[in-house]
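Enquirer: Just dropping this structure here.
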Amino acid sequence: MDTINILFCGTGGQGILTAAEIVGLAAMYDGHHVKKSEVHGMAQRGGSVESHLRFGKEVFSPIIECGKADFLLSFEKGEHERMKFMLKKDGIDLFEDFVKGQEKITNPKFLNTYMLGVLSKHLKISQESWEKALKSVIKPQFVDKNLEIFKSAI
Amino acid sequence: MKNYKLLSGNEALAQGAYEAGLKFAASYPGTPATDILEYLAQFKEVDAQWSINEKVAFEVSLGAAFAGVRSIYSSKHVGVNVAMDPLMTATYSGINAGFVIVTGDDPGMHSSQNEQDNRLVAKFAKIPLLEPSSPQEAKKLIKLAYEISEKFDTPVLFRMTTRVAHTKETVELGERVEIVDKPFEKNPRKYVMVPANAYKKHIDLEEKLLKMQEFSDNLEENFIEIKDKKLGIVTDSVSYMYVKEVYPNASVLKLSMPFPFPNKKIKEFCSQVEKVVVVEESEPFIEEHLLQMGIKCQGKHYTYRVGELNPESVRDIVEGKSKTTYPQAGRKPVLCPGCPHRATFVALRKTKVVVAGDIGCYTLGATPPLSALHTTVCMGSSVTIMSSLTKILGKDKAVAVIGDSTFCHSGIEGLVNCAYNKTKGVIIILDNGTTAMTGAQPNPATGVTAKGEQTKRLDLVTLCKACGADNVEVIGDSSAVIESKIKEYTAKDELSVLIVRIGLCKMIDRSKKPAPKFYADKCKKCYMCVSVDCPAIFKDENGNIKLNENLCAGCNVCVQQCHFAALEAAK
């Protein structure tokens with residue numbers, strides 16, 4: 001299998017790092033070599049956040065090369081414009097799904113989970129690993145609600 | 001079944017040190033190195049502490065190594081500057097049990113004031129240097145670092161960069177090995193660095209360097225991969241990963257222990273390939289050494305000494321190009337909604353004084369629209385810079401602004417110096433009860449240790465009085481009150497400390513008060529409310545004021561700016 005490159009972008013507080021962590025864990029549970037890279041110096045104060053997630057047999061660079069992202073998950077319009085160039089020619093831009101999600105999901109705290117549901121349709125990661133990853137990152141009292149939202153996007 | 005986890009480079013390093021029998025750790029928080037100590041603090045076998053600054057952290061961790069247990073010091077790259085005094089002599093005395101110095105370098109300045117390359121410290125201090133290229137390798141190399149430290153009786157410099165430190169990777173966890181404590185024997189020739197002893201130790205050190213060079217030459221972690229012989233790349237750290245990504249067929253010499261340089265291996269590699277290119281981040285550390293050895297090689301254009309490398313820039317370097325693209329500016333970070341510092345900066349902006357700032361969240365007060373911070377150099381420099389600004393510009397022309405943690409780090413010395421040298425002026429301590437910028441670590445004024453235990457709490461008021469401040473007042477009110485207090489104290493011919501305590505940092509105290517009411521019909525669109533630079537209140541595309549009630553913490557600093565009653569505090 002070729003390395004899969006997923007780029008997440010948005011601003012601090014949108015749950016982007018959490019979302020990338022869940023995909024990374026799910027891929028790891030399925031036996032992939034995972035690298036995930038982000039810089040979290042100023043993110044907590046509303047600055048830009050981007051997270052590069054790569055998995056496959058053997059991953060070298062922790063960051064995605066320009067124009068090589070298979071998927072782009074943007075959580076904010078400005079950041080989407082800024083990061084679009086990272087997507088490869090036939091790469092999949094999920095920003096429209098995000099806009100739809102904003103209409104569908106009333107509590108913005110669950111939007112990241114909704115987007116993971118959307119992404120899961122495109123990835124060959126087992127449902128079992130997705131659920132295990134969600135459970136290991138999300139607080140127990142919110143697991144059921146997140147699973148429901150994750151499934152609603154599939 | 002093997003136990004795999006997704007660990008960051010820092011966590012993998014800390015896990016590796018733990019498995020290597022580590023018993024002592026000291027650090028001062030600083031991105032990208034903070035989470036090393038946070039990870040180690042969870043283990044009951046490890047005595048882990050936040051020290052008040054890096055010099056102190058270095059000395060206590062060196063002391064633990066003298067006492068006979070494996071020990072670690074960690075800080076960001078500029079923190080090592082603060083620790084340089086003990087560092088430069090610990091290299092002469094050597095250690096007893098293994099001692100590793102971790103530097104978190106920050107190429108690209110994701111969260112720093114400079115991008116100094118601390119590989120040069122290894123050469124300057126004459127100590128071995130290890131550099132991992134990934135979290136998996138960080139875990140492996142930290143164990144090697146303890147072996148080298150004990151084999152050669154020397155501290156080892158372990159260089160992480162932001163990219164390696166914050167990348168997460170699947171890492172296999174192992175078991176901890178318990179190491180027997182080494183007895184401490186009184187040995188003045190080793191531990192008392194007076195000239196006569198230090199002279200002999202310097203001779204020993206030069207001999208040690210030759211032996212370490214031979215060790216580096218035989219080390220399998222400095223490895224050669226021969227593929228296509230047309231292109232040979234010498235590389236280290238995360239650059240190795242970019243090279244593997246972009247030039248999978250090139251021949252590579254990967255240096256995990258670049259210093260002392262493995263000269264034989266370098267010659268062996270370079271003689272086998274047609275063209276030698278050095279790919280390294282920051283300074284031309286390896287390139288200069290190859291040139292010194294008389295090896296014809298291509299380094300990088302000087303423009304690539306600035307910033308981080310990435311796969312595209314590695315291609316540029318190999319093709320001999322200069323840097324043409326610079327990172328695009330993303331959204332600027334701002335003080336959190338409800339941040340207790342905001343009111344002070346709104347007040348300072350109105351006073352028009354020069355504000356000598358410091359390192360912390362409040363450095364964010366420098367950018368427009370607050371624009372209320374005019375110098376930032378290094379930790380603790382607000383107090384000292386202010387003392388000279390007031391002497392030369394006038395006592396009411398400048399103030400110092402410093403956070404509680406930074407004041408404990410190196411602001412206290414500045415205050416003592418102010419009192420001793422008759423400075424007249426005002427120091428504002430922004431006390432939010434934590435080390436906020438790095439993610440809310442406790443400090444002496446918090447009264448909690450790195451392990452989460454209660455301890456003696458430093459009383460800032462008593463301390464400042466004892467240091468010689470004429471006036472010490474604790475205030476915690478609206479920006480108007482802070483403004484009047486600044487004016488009152490700058491007018492005095494005295495040394496004053498104003499401790500502003502409005503509330504705790506919002507990362508600790510997440511409680512919220514209701515958002516204010518906004519009456520659009522009363523709004524004159526003067527935008528004074530927006531000028532407080534809060535993410536919860538902003539101008540929309542049509543120039544209308546909008547409140548984000550989800551973000552708003554109800555601090556009412558924006559309400560205090562409205563002269564038309566368009567904003568009203570919730571009752």
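Just remember, in the structure tokens the first chain shown is A, the second B, etc., residues are 1-based per chain, and ligands are 1-based in the order shown.
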Give me, as JSON, numbers by chain, the residues of chain A touching chain B, with the criterion being at most 10 Å (counting only C-alpha atoms).
Expert: {"A": [10, 11, 12, 13, 21, 24, 25, 27, 28, 29, 31, 32, 33, 34, 35, 36, 37, 38, 39, 40, 41, 42, 43, 44, 45, 46, 47, 48, 49, 51, 52, 53, 54, 55, 59, 60, 61, 62, 63, 64, 65, 66, 78, 79, 82, 83, 108]}
Enquirer: Name the residues of stretch 222-333 of chain B that fall into strand (DSSP E or B) according to DSSP on the backbone, using the chain letters and numbers of this document, as a list in words.
Expert: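 Written out, the strand (DSSP E or B) residues of stretch 222-333 of chain B are Phe223, Ile224, Glu225, Asp228, Lys229, Lys230, Leu231, Gly232, Ile233, Val234, Thr235, Asp236, Ala250, Ser251, Val252, Leu253, Lys254, Leu255, Phe259, Lys275, Val276, Val277, Val278, Val279 and Gln298 of chain B.
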Enquirer: Can you tell me which residues surround A:Leu72 at a distance of at most 12 Å, considering only C-alpha atoms, apart from same-chain residues fewer than 3 positions away, and format the answer as a count of residues only?
Expert: 42
Enquirer: Would you please give, as a CSV table (one decimal) with C-alpha atoms, in the first residue's frame, all residues of stretch 198-241 of chain B that DSSP assigns to alpha helix (DSSP H) based on the backbone?
Expert:
```csv
chain,number,residue,atom,x,y,z
B,198,ALA,CA,40.7,22.1,35.8
B,199,TYR,CA,44.0,22.3,33.9
B,200,LYS,CA,44.5,18.6,34.3
B,201,LYS,CA,40.9,17.9,33.5
B,202,HIS,CA,41.2,19.9,30.3
B,203,ILE,CA,44.1,17.7,29.2
B,204,ASP,CA,41.9,14.6,30.0
B,205,LEU,CA,39.1,16.1,28.0
B,206,GLU,CA,41.2,16.6,24.9
B,207,GLU,CA,42.3,12.9,25.1
B,208,LYS,CA,38.7,11.9,25.7
B,209,LEU,CA,37.6,13.7,22.5
B,210,LEU,CA,40.0,11.6,20.5
B,211,LYS,CA,38.6,8.4,22.0
B,212,MET,CA,35.1,9.6,21.4
B,213,GLN,CA,35.9,10.3,17.8
B,214,GLU,CA,37.1,6.7,17.4
B,215,PHE,CA,33.9,5.5,19.1
B,216,SER,CA,31.8,7.7,16.7
B,217,ASP,CA,33.6,6.1,13.7
B,218,ASN,CA,32.7,2.6,14.9
B,239,SER,CA,16.6,16.1,7.3
B,240,TYR,CA,17.4,12.4,6.8
B,241,MET,CA,13.7,11.7,6.6
```
Enquirer: Find the spatial neighbours of stretch 33-36 of chain B, counting only C-alpha atoms, within a cut-off of 10 Å - ignore same-chain residues fewer than 3 positions away - and output them as a PyMOL selection string.
Expert: chain B and resi 8-15+17+25-30+39-41+50+72-77+79+102-106+160-162+165-166+438-439+441
